[in-house]
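The file target.cif contains mmCIF, C-alpha atoms:
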```cif
data_protein
#
loop_
_atom_site.label_atom_id
_atom_site.label_comp_id
_atom_site.auth_asym_id
_atom_site.auth_seq_id
_atom_site.Cartn_x
_atom_site.Cartn_y
_atom_site.Cartn_z
CA MET V 15 -34.54 7.24 0.15
CA MET V 16 -31.43 5.50 -1.20
CA GLU V 17 -30.64 5.82 -4.89
CA PRO V 18 -30.70 2.50 -6.79
CA GLN V 19 -27.26 1.07 -7.53
CA PRO V 20 -26.20 1.11 -11.19
CA ALA V 21 -25.94 -2.38 -12.70
CA ALA V 22 -23.06 -3.70 -14.79
CA VAL V 23 -21.88 -6.79 -16.64
CA ILE V 24 -18.25 -7.73 -15.94
CA VAL V 25 -16.17 -8.99 -18.86
CA GLY V 26 -12.87 -10.86 -18.93
CA VAL V 27 -10.56 -12.61 -21.38
CA ASP V 28 -9.06 -15.90 -20.20
CA ARG V 29 -5.64 -16.06 -21.86
CA ASN V 30 -5.35 -19.81 -21.28
CA GLU V 31 -3.84 -19.13 -17.87
CA ASN V 32 -4.44 -21.03 -14.65
CA LYS V 33 -8.23 -21.40 -14.38
CA GLU V 34 -8.29 -20.77 -10.62
CA THR V 35 -6.23 -17.60 -11.08
CA PHE V 36 -8.57 -16.31 -13.80
CA ASP V 37 -11.69 -17.19 -11.79
CA TYR V 38 -10.31 -15.35 -8.76
CA SER V 39 -9.42 -12.36 -10.92
CA MET V 40 -13.04 -12.16 -12.10
CA GLU V 41 -14.32 -12.60 -8.54
CA GLU V 42 -12.03 -9.78 -7.46
CA LEU V 43 -13.35 -7.59 -10.29
CA ALA V 44 -16.89 -8.21 -8.98
CA ASN V 45 -15.75 -7.21 -5.47
CA LEU V 46 -14.06 -4.07 -6.82
CA SER V 47 -17.32 -3.19 -8.61
CA LEU V 48 -19.30 -3.62 -5.39
CA ALA V 49 -16.75 -1.49 -3.55
CA CYS V 50 -17.43 1.22 -6.12
CA GLY V 51 -21.20 1.01 -5.54
CA VAL V 52 -21.99 -0.95 -8.72
CA MET V 53 -24.19 -4.07 -8.69
CA VAL V 54 -22.91 -6.95 -10.84
CA ALA V 55 -25.84 -8.16 -12.95
CA GLY V 56 -23.94 -10.64 -15.12
CA GLN V 57 -20.59 -11.98 -16.27
CA LEU V 58 -19.20 -12.69 -19.73
CA THR V 59 -15.87 -14.40 -20.43
CA GLN V 60 -14.01 -15.49 -23.54
CA ARG V 61 -10.92 -17.66 -23.97
CA LEU V 62 -8.38 -16.02 -26.29
CA ASP V 63 -4.59 -16.10 -26.59
CA HIS V 64 -4.67 -12.29 -26.79
CA PRO V 65 -7.51 -9.74 -26.51
CA THR V 66 -8.59 -8.43 -29.93
CA PRO V 67 -7.00 -5.04 -30.75
CA SER V 68 -10.29 -3.36 -31.74
CA HIS V 69 -12.83 -4.47 -29.10
CA TYR V 70 -10.86 -6.57 -26.53
CA ILE V 71 -13.36 -9.41 -27.18
CA GLY V 72 -14.45 -10.94 -30.50
CA ALA V 73 -17.24 -9.50 -32.65
CA GLY V 74 -19.64 -12.32 -31.75
CA LYS V 75 -19.01 -11.76 -28.05
CA VAL V 76 -19.69 -8.04 -28.45
CA GLN V 77 -23.16 -8.89 -29.80
CA GLU V 78 -23.65 -11.43 -26.98
CA LEU V 79 -22.62 -8.79 -24.43
CA SER V 80 -25.07 -6.26 -25.89
CA ALA V 81 -27.94 -8.77 -25.67
CA MET V 82 -26.98 -9.75 -22.10
CA MET V 83 -26.90 -6.13 -20.98
CA LYS V 84 -30.36 -5.46 -22.40
CA ALA V 85 -31.74 -8.63 -20.80
CA CYS V 86 -30.47 -7.81 -17.29
CA GLY V 87 -30.89 -4.02 -17.49
CA ALA V 88 -27.18 -3.25 -17.09
CA GLU V 89 -26.08 0.34 -17.66
CA MET V 90 -22.36 -0.27 -18.09
CA ALA V 91 -19.76 -2.90 -18.96
CA ILE V 92 -16.68 -3.35 -16.75
CA PHE V 93 -13.62 -5.05 -18.27
CA ASN V 94 -10.99 -6.99 -16.34
CA ASP V 95 -7.95 -5.40 -18.03
CA GLU V 96 -6.84 -1.91 -18.90
CA LEU V 97 -8.39 -0.98 -22.26
CA SER V 98 -6.74 1.14 -24.92
CA PRO V 99 -8.41 4.43 -25.96
CA SER V 100 -9.55 2.91 -29.28
CA GLN V 101 -11.00 -0.17 -27.53
CA ILE V 102 -13.07 2.04 -25.21
CA ARG V 103 -14.25 4.16 -28.15
CA ASN V 104 -15.19 1.13 -30.28
CA LEU V 105 -16.94 -0.68 -27.43
CA GLU V 106 -18.99 2.36 -26.42
CA ALA V 107 -20.04 2.85 -30.06
CA SER V 108 -21.07 -0.82 -30.41
CA LEU V 109 -22.75 -1.21 -27.02
CA GLN V 110 -24.18 2.31 -26.70
CA CYS V 111 -23.32 2.38 -23.01
CA LYS V 112 -20.59 3.40 -20.60
CA VAL V 113 -17.46 1.21 -20.68
CA ILE V 114 -15.08 1.04 -17.70
CA ASP V 115 -11.85 -0.92 -17.32
CA ARG V 116 -10.24 -2.37 -14.18
CA THR V 117 -7.78 0.53 -13.91
CA LEU V 118 -10.48 3.22 -13.84
CA LEU V 119 -12.47 1.17 -11.33
CA ILE V 120 -9.50 1.04 -8.92
CA LEU V 121 -8.83 4.74 -9.45
CA ASP V 122 -12.46 5.53 -8.57
CA ILE V 123 -12.22 3.49 -5.35
CA PHE V 124 -8.95 5.23 -4.39
CA ALA V 125 -10.52 8.64 -5.13
CA GLU V 126 -13.49 7.85 -2.88
CA ARG V 127 -11.38 6.47 0.00
CA ALA V 128 -8.53 9.02 -0.01
CA GLN V 129 -8.73 11.09 3.19
CA THR V 130 -5.40 12.87 3.56
CA ARG V 131 -4.23 15.72 1.34
CA GLU V 132 -1.29 13.65 0.08
CA ALA V 133 -3.45 10.64 -0.84
CA GLN V 134 -5.95 12.89 -2.64
CA LEU V 135 -3.17 14.54 -4.66
CA GLN V 136 -1.63 11.18 -5.55
CA VAL V 137 -4.96 9.75 -6.75
CA GLU V 138 -5.75 12.87 -8.77
CA VAL V 139 -2.36 12.73 -10.51
CA ALA V 140 -2.90 9.06 -11.38
CA ARG V 141 -6.43 9.77 -12.66
CA LEU V 142 -5.26 12.62 -14.90
CA GLN V 143 -2.37 10.53 -16.27
CA TYR V 144 -4.88 7.80 -17.08
CA MET V 145 -7.19 10.31 -18.83
CA LEU V 146 -4.50 12.04 -20.89
CA PRO V 147 -4.14 9.46 -23.71
CA ARG V 148 -7.89 8.78 -23.67
CA LEU V 149 -9.08 12.23 -24.67
CA VAL V 150 -11.14 11.72 -27.79
CA GLY V 151 -11.74 14.57 -30.21
CA LEU V 152 -15.22 14.44 -31.71
CA ARG V 153 -17.11 16.92 -33.87
CA GLU V 154 -16.70 20.37 -32.34
CA SER V 155 -13.56 19.30 -30.49
CA LEU V 156 -11.87 18.79 -33.85
CA GLY V 157 -13.04 22.11 -35.24
CA ARG V 158 -10.21 24.61 -35.39
CA GLN V 159 -10.50 27.60 -33.08
CA ARG V 160 -9.61 30.87 -34.73
CA GLY V 161 -7.05 33.19 -33.19
CA GLY V 162 -6.56 36.95 -33.50
CA VAL V 163 -9.01 39.83 -33.92
CA GLY V 164 -11.11 40.65 -37.03
CA THR V 165 -11.13 38.61 -40.18
CA LYS V 166 -7.50 38.86 -41.28
CA ASN V 167 -4.47 36.89 -40.16
CA ARG V 168 -6.53 34.23 -38.43
CA GLY V 169 -4.22 31.63 -36.94
CA ALA V 170 -4.97 27.98 -37.25
CA GLY V 171 -5.30 27.97 -33.46
CA GLU V 172 -5.56 24.77 -31.44
CA THR V 173 -8.11 22.03 -31.45
CA LYS V 174 -10.29 21.68 -28.36
CA LEU V 175 -8.56 18.34 -27.88
CA GLU V 176 -5.14 19.99 -27.80
CA LEU V 177 -6.37 22.59 -25.31
CA ASP V 178 -7.79 19.87 -23.04
CA ARG V 179 -4.50 18.01 -23.24
CA ARG V 180 -2.51 21.12 -22.33
CA ARG V 181 -4.81 21.90 -19.39
CA ILE V 182 -4.45 18.38 -18.02
CA GLU V 183 -0.65 18.44 -18.43
CA ALA V 184 -0.53 21.82 -16.64
CA LYS V 185 -2.69 20.48 -13.82
CA ILE V 186 -0.48 17.37 -13.44
CA THR V 187 2.58 19.64 -13.20
CA ALA V 188 0.91 21.81 -10.54
CA LEU V 189 -0.23 18.80 -8.49
CA ASN V 190 3.23 17.23 -8.67
CA LYS V 191 4.72 20.47 -7.27
CA ASP V 192 2.32 20.30 -4.32
CA LEU V 193 3.27 16.63 -3.83
CA GLU V 194 6.99 17.47 -3.89
CA THR V 195 6.53 19.61 -0.76
CA LEU V 196 4.82 16.75 1.07
CA VAL V 197 7.44 14.26 -0.19
CA TYR V 198 10.23 16.53 1.09
CA GLN V 199 8.62 16.61 4.54
CA ARG V 200 8.37 12.81 4.55
CA GLN V 201 12.04 12.49 3.52
CA LEU V 202 13.08 14.78 6.39
CA GLN V 203 11.13 12.59 8.81
CA ARG V 204 12.90 9.48 7.48
CA LYS V 205 16.33 11.13 7.78
CA LEU V 206 15.55 12.05 11.40
CA ARG V 207 14.57 8.45 12.17
CA LYS V 208 17.82 7.16 10.68
CA LYS V 209 19.81 9.74 12.63
CA ASN V 210 18.11 8.58 15.83
CA GLU V 211 18.80 4.95 14.84
CA ILE V 212 15.16 3.95 15.25
CA PRO V 213 14.36 0.70 13.38
CA VAL V 214 11.37 0.78 11.02
CA VAL V 215 9.06 -2.21 10.57
CA CYS V 216 6.50 -2.11 7.73
CA LEU V 217 3.25 -4.05 7.44
CA VAL V 218 2.72 -5.03 3.80
CA GLY V 219 0.30 -7.31 2.02
CA TYR V 220 -2.72 -7.67 -0.20
CA THR V 221 -5.66 -5.37 0.41
CA ASN V 222 -8.07 -6.46 3.17
CA THR V 223 -5.74 -9.07 4.74
CA GLY V 224 -6.01 -7.38 8.16
CA LYS V 225 -2.88 -5.18 8.27
CA SER V 226 -4.59 -2.31 10.12
CA THR V 227 -6.29 -4.70 12.57
CA LEU V 228 -2.90 -6.28 13.25
CA MET V 229 -1.33 -2.86 13.77
CA ASN V 230 -3.97 -1.92 16.35
CA ALA V 231 -3.52 -5.28 18.12
CA LEU V 232 0.26 -4.75 18.32
CA LEU V 233 -0.17 -1.15 19.53
CA ASP V 234 -2.23 -2.47 22.46
CA ARG V 235 0.97 -4.19 23.61
CA SER V 236 3.11 -1.06 23.44
CA ARG V 237 4.49 0.32 26.74
CA SER V 238 4.11 3.87 25.43
CA PRO V 239 0.51 5.10 25.99
CA GLY V 240 1.02 7.95 23.52
CA SER V 241 1.60 5.49 20.67
CA ARG V 242 -1.70 3.66 21.05
CA LYS V 243 -3.78 5.86 18.77
CA ALA V 244 -5.69 3.31 16.69
CA VAL V 245 -5.73 3.38 12.90
CA PHE V 246 -8.93 3.12 10.83
CA VAL V 247 -10.16 -0.44 10.31
CA LYS V 248 -12.99 -1.67 8.09
CA ASP V 249 -13.68 -4.94 6.27
CA MET V 250 -13.41 -3.53 2.75
CA LEU V 251 -10.92 -3.17 -0.08
CA PHE V 252 -8.42 -0.30 0.23
CA ALA V 253 -9.55 0.89 3.66
CA THR V 254 -6.00 2.30 4.15
CA LEU V 255 -4.70 4.74 1.53
CA GLN V 256 -2.21 6.65 3.63
CA THR V 257 0.81 5.60 5.63
CA HIS V 258 0.32 5.39 9.40
CA VAL V 259 3.43 5.43 11.60
CA ARG V 260 3.32 4.59 15.31
CA SER V 261 6.05 4.06 17.90
CA MET V 262 6.16 0.62 19.54
CA GLU V 263 7.92 0.18 22.89
CA LEU V 264 8.46 -3.39 24.09
CA PRO V 265 8.58 -4.48 27.74
CA ASP V 266 12.41 -4.51 27.64
CA ARG V 267 12.33 -0.82 26.55
CA LYS V 268 13.43 -1.58 23.02
CA SER V 269 11.44 0.57 20.60
CA PHE V 270 10.78 0.67 16.87
CA LEU V 271 8.45 2.41 14.42
CA LEU V 272 5.57 0.36 13.04
CA THR V 273 4.18 1.44 9.67
CA ASP V 274 0.88 0.50 8.02
CA THR V 275 0.89 0.88 4.23
CA VAL V 276 -1.45 0.83 1.24
CA GLY V 277 -2.68 -2.68 0.39
CA PHE V 278 -1.77 -4.22 -2.95
CA VAL V 279 -4.02 -5.83 -5.56
CA SER V 280 -3.42 -7.75 -8.78
CA LYS V 281 -3.07 -5.56 -11.88
CA LEU V 282 -2.53 -2.47 -9.72
CA PRO V 283 -2.48 0.44 -12.22
CA HIS V 284 1.05 1.52 -13.12
CA ASP V 285 0.13 5.22 -12.84
CA LEU V 286 -1.21 4.58 -9.34
CA VAL V 287 1.98 2.82 -8.22
CA LYS V 288 3.97 5.69 -9.72
CA ALA V 289 1.81 8.34 -8.00
CA PHE V 290 2.01 6.54 -4.64
CA ARG V 291 5.74 5.87 -4.95
CA SER V 292 6.59 8.57 -2.38
CA THR V 293 4.27 6.88 0.12
CA LEU V 294 5.53 3.40 -0.76
CA GLU V 295 9.13 4.52 -0.29
CA GLU V 296 8.46 3.82 3.40
CA VAL V 297 8.44 0.14 2.41
CA ALA V 298 11.68 0.29 0.41
CA GLU V 299 13.56 1.92 3.30
CA ALA V 300 12.26 -0.31 6.11
CA ASP V 301 14.54 -2.49 8.21
CA LEU V 302 12.02 -5.34 8.31
CA LEU V 303 8.78 -6.23 6.50
CA ILE V 304 5.84 -8.09 8.04
CA HIS V 305 4.05 -9.64 5.06
CA VAL V 306 0.45 -10.15 6.23
CA VAL V 307 -1.30 -13.04 4.45
CA ASP V 308 -5.01 -13.91 4.80
CA ALA V 309 -4.62 -17.59 5.71
CA SER V 310 -8.39 -18.17 5.39
CA HIS V 311 -8.58 -17.02 1.77
CA PRO V 312 -8.64 -19.73 -0.93
CA GLU V 313 -6.29 -17.62 -3.10
CA ALA V 314 -3.86 -16.77 -0.30
CA GLU V 315 -0.87 -18.08 -2.26
CA GLN V 316 -1.74 -16.01 -5.35
CA MET V 317 -2.28 -12.89 -3.21
CA ALA V 318 1.11 -13.40 -1.52
CA ALA V 319 2.75 -13.77 -4.95
CA VAL V 320 1.18 -10.48 -6.15
CA THR V 321 2.52 -8.71 -3.04
CA GLU V 322 6.01 -10.12 -3.59
CA GLU V 323 5.96 -9.00 -7.24
CA THR V 324 4.90 -5.47 -6.20
CA LEU V 325 7.70 -5.37 -3.62
CA ARG V 326 10.17 -6.31 -6.37
CA GLU V 327 8.88 -3.41 -8.49
CA LEU V 328 9.45 -1.06 -5.53
CA GLY V 329 12.99 -2.35 -5.00
CA ALA V 330 12.07 -3.77 -1.59
CA ASP V 331 12.68 -7.45 -2.37
CA GLY V 332 16.04 -7.49 -0.51
CA ILE V 333 14.57 -6.50 2.86
CA PRO V 334 14.18 -9.25 5.52
CA VAL V 335 10.59 -10.55 5.77
CA ILE V 336 8.47 -12.22 8.44
CA TYR V 337 5.27 -13.84 7.10
CA ALA V 338 2.27 -13.30 9.37
CA TYR V 339 -0.54 -15.70 8.41
CA ASN V 340 -3.54 -13.82 9.77
CA LYS V 341 -7.22 -14.83 10.26
CA CYS V 342 -6.30 -18.36 11.38
CA ASP V 343 -9.45 -18.29 13.52
CA LEU V 344 -11.41 -18.60 10.25
CA CYS V 345 -9.47 -21.66 9.08
CA SER V 346 -11.36 -24.28 11.09
CA GLY V 347 -11.75 -27.32 8.85
CA LYS V 348 -9.82 -25.64 6.01
CA ALA V 349 -6.37 -26.52 4.74
CA LEU V 350 -3.82 -23.80 5.46
CA PRO V 351 -1.93 -22.33 2.49
CA PRO V 352 1.69 -23.48 1.93
CA MET V 353 3.85 -21.91 4.65
CA ARG V 354 6.89 -19.84 3.70
CA ASP V 355 9.99 -19.64 5.86
CA ASN V 356 9.76 -17.34 8.88
CA ALA V 357 5.99 -17.92 9.08
CA ILE V 358 3.88 -17.19 12.15
CA LEU V 359 0.22 -18.20 12.51
CA LEU V 360 -1.96 -15.64 14.26
CA SER V 361 -5.31 -13.92 14.57
CA ALA V 362 -5.18 -10.15 14.98
CA LYS V 363 -8.90 -10.10 15.78
CA LEU V 364 -8.65 -12.68 18.61
CA GLN V 365 -5.14 -11.47 19.50
CA PHE V 366 -3.31 -14.80 19.53
CA GLY V 367 0.14 -15.33 18.02
CA LEU V 368 1.06 -11.68 18.65
CA GLU V 369 3.71 -12.40 21.30
CA GLU V 370 5.44 -14.83 18.92
CA LEU V 371 5.37 -12.16 16.21
CA LEU V 372 6.86 -9.50 18.49
CA GLN V 373 9.59 -11.92 19.59
CA ALA V 374 10.43 -12.65 15.96
CA VAL V 375 10.53 -8.92 15.16
CA SER V 376 12.72 -8.21 18.20
CA SER V 377 15.22 -10.95 17.34
CA ARG V 378 15.56 -9.56 13.79
CA ILE V 379 15.88 -5.82 14.36
CA PHE V 380 17.64 -5.82 17.72
CA SER V 381 20.35 -8.34 16.89
CA ASP V 382 23.02 -5.67 17.45
CA TYR V 383 22.20 -5.28 21.17
CA VAL V 384 24.99 -6.01 23.66
CA ARG V 385 24.83 -7.25 27.25
CA CYS V 386 27.40 -5.56 29.43
CA GLU V 387 28.19 -4.05 32.83
CA MET V 388 29.04 -0.38 33.36
CA LEU V 389 30.19 1.71 36.29
CA ILE V 390 28.95 5.26 35.72
CA PRO V 391 30.37 8.09 37.87
CA PHE V 392 27.85 10.05 39.92
CA ASP V 393 28.61 13.25 37.95
CA GLN V 394 27.39 11.41 34.80
CA GLY V 395 23.93 10.80 36.20
CA ARG V 396 22.37 11.79 32.87
CA LEU V 397 23.76 8.54 31.41
CA VAL V 398 21.97 6.49 34.06
CA THR V 399 18.73 8.28 33.13
CA TYR V 400 19.45 7.68 29.43
CA PHE V 401 19.98 3.94 29.90
CA ASN V 402 16.88 3.65 32.07
CA ASP V 403 14.90 5.16 29.18
CA HIS V 404 16.65 3.54 26.18
CA ALA V 405 18.03 0.20 27.37
CA GLU V 406 16.97 -2.76 29.48
CA VAL V 407 18.56 -2.35 32.88
CA LEU V 408 18.78 -5.84 34.37
CA ALA V 409 20.28 -4.78 37.73
CA SER V 410 21.67 -1.67 39.39
CA SER V 411 23.64 -0.92 42.57
CA TYR V 412 25.47 2.01 44.13
CA GLU V 413 29.19 1.85 44.81
CA VAL V 414 31.79 4.33 46.02
CA GLU V 415 32.85 5.27 42.47
CA GLY V 416 29.33 5.52 41.00
CA THR V 417 26.30 3.57 39.79
CA ARG V 418 26.88 0.01 38.64
CA LEU V 419 24.50 -1.16 35.86
CA GLN V 420 23.97 -4.56 34.30
CA LEU V 421 22.18 -3.81 31.05
CA GLU V 422 21.40 -4.71 27.46
CA CYS V 423 21.86 -1.74 25.13
CA LYS V 424 22.45 -0.80 21.50
CA ARG V 425 25.92 -1.58 20.21
CA SER V 426 26.30 2.10 19.27
CA ASP V 427 25.60 3.13 22.91
CA PHE V 428 27.99 0.44 24.11
CA GLU V 429 30.78 1.73 21.85
CA ARG V 430 30.13 5.38 22.77
CA ASN V 431 30.51 4.62 26.47
CA GLN V 432 33.52 2.29 26.41
CA ALA V 433 35.16 4.30 29.19
CA TYR V 434 32.56 3.05 31.70
CA VAL V 435 32.45 -0.62 30.63
CA ILE V 436 33.66 -3.06 33.29
CA ARG V 437 35.98 -5.64 31.78
CA ASP V 438 36.13 -9.15 33.19
#
```
Translate the structure described by the file into structure tokens.
Amino acid sequence: MMEPQPAAVIVGVDRNENKETFDYSMEELANLSLACGVMVAGQLTQRLDHPTPSHYIGAGKVQELSAMMKACGAEMAIFNDELSPSQIRNLEASLQCKVIDRTLLILDIFAERAQTREAQLQVEVARLQYMLPRLVGLRESLGRQRGGVGTKNRGAGETKLELDRRRIEAKITALNKDLETLVYQRQLQRKLRKKNEIPVVCLVGYTNTGKSTLMNALLDRSRSPGSRKAVFVKDMLFATLQTHVRSMELPDRKSFLLTDTVGFVSKLPHDLVKAFRSTLEEVAEADLLIHVVDASHPEAEQMAAVTEETLRELGADGIPVIYAYNKCDLCSGKALPPMRDNAILLSAKLQFGLEELLQAVSSRIFSDYVRCEMLIPFDQGRLVTYFNDHAEVLASSYEVEGTRLQLECKRSDFERNQAYVIRD
């Protein structure tokens, strides 16, 4: 028998911003609550220039919220912004119920979805950093603990609150050490890719825009069977919390690494971005970004803007971008969002528009390829094998002096093998 879902009232302050933006933010909060297994029983909003310092909402609204919660049987209140420790304390005292803010809600979802060791460590660090300033000392926690033996020379000791704080700080330090090992391994992998001159293409975008579905659809077109291991796909927020890297080999033997990353969301907690920075460094060091936009979503433009702002925070705003407007199969009868430059319309689910996307990617990251003709001596047969594996051989023939190849190859390979290039 399934346990009944806890019910909550969601609360937001409209700071006289764009009404559609605020409405979508509240709708997203409801979806985040559902993703966390909480049923939304009601909604309360208030228009203020700034949230009140003591309770986030005004005193009259606090009473209205209390009455609403009793009427609909809600067990908790979920607020659309990050609350200060004093706001949480005051609200819980006034409402006599559990109070959660948007940040904690997102942290809970990440904690539930994290599968890899690295993702679990990153979420735990972010959760502890969120908790640290919110430790509240009450009653026995504020009572001084005595130190020493017997009745003489008793030290003032530490409060329970101070001990809790020290334990959390020690745990954060220990977790960060474990993360450093994993980060070092990831940095070594990136250095090896750069050494091998393999281009890296990153899929970025708002959560649930179809990045993982698009990655699987592109992998189906890879010439390398070993790279076709599918990534997890599900129609839910934050289905991907770890970086997936797969090798893509195109029909002309050009290859690159395709990376699927964590989805973004508005008001993404700062501690979470900080904790996941090592994972998101994949984005900042990519050669090309594919910004996946849900073309069927009414707030597609706002979601794209949030992604671009997050990329700026990560220092990835200078990387070339291709905009992939996904889910166009759901746009029948709907107006498409405003198109940015370098935009491609596609449907990862129905697999149309993918060839155009791959052509756009190829033209961007393989612009340094050179068409040439080489005559390779027979005693350098390893070079013929190399070019057959790493270049597009357009034609080949055997002559007295060696193997004649017409090919398109990397400029670096062209420059390394100048001795065999046939000049016109």
- prompt: Could you spell out the hits of the PyMOL selection byres ((chain V and resi 413) around 10) on the shown file, as a PyMOL selection string?
  reply: chain V and resi 389-392+410-412+414-418
(request) Please indicate the distance in Å from atom CA of V:Leu272 to atom CA of V:Val259, rounded to one decimal place. (result)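 Result for atom CA of V:Leu272 versus atom CA of V:Val259: 5.7 Å, one decimal.
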Which centre and edge lengths in Å to one decimal define the box along x, y and z that fits every listed atom of stretch 139-143 of chain V plus 5 Å per side, as lines of an AutoDock Vina configuration file?
```
center_x = -4.4
center_y = 10.9
center_z = -13.4
size_x = 14.1
size_y = 13.7
size_z = 15.8
```
Can you list, as a ChimeraX atom specification, the residues that the PyMOL selection byres ((chain V and resi 420) around 8) selects here? /V:385-388,407-410,418-419,421-422
Item to complete: Return as a ChimeraX atom specification the set of residues that the PyMOL selection byres ((chain V and resi 405) around 12) yields on the displayed structure.
Response: /V:263-269,380,383-386,397-404,406-409,419-428
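Separating atom CA of V:Ile358 from atom CA of V:Ala338 is a distance of 5.0 Å.
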Which residues, written as a list in words, have at least one atom at most 12 Å from V:Asp28, with all atoms listed in the file counted and residues fewer than 4 positions away on the same chain left out?
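Counting all atoms listed in the file, the residues come to Asn32, Lys33, Glu34, Thr35, Phe36, Asp37, Tyr38, Ser39, Met40, Leu58, Thr59, Gln60, Arg61, Leu62, Asp63, His64, Pro65, Tyr70, Ile71, Phe93, Asn94 and Asp95 of chain V.
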For V:Tyr144, the nearest of the candidates V:Leu119, V:Ala128, V:Ile333, V:Leu371, counting all atoms listed in the file: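 Checking each candidate against V:Tyr144, we get V:Leu119 as the closest.
Considering all atoms listed in the file, the residue among V:Leu149, V:Ile186, V:Leu294, V:Val307 positioned nearest to V:Thr223 is V:Val307.
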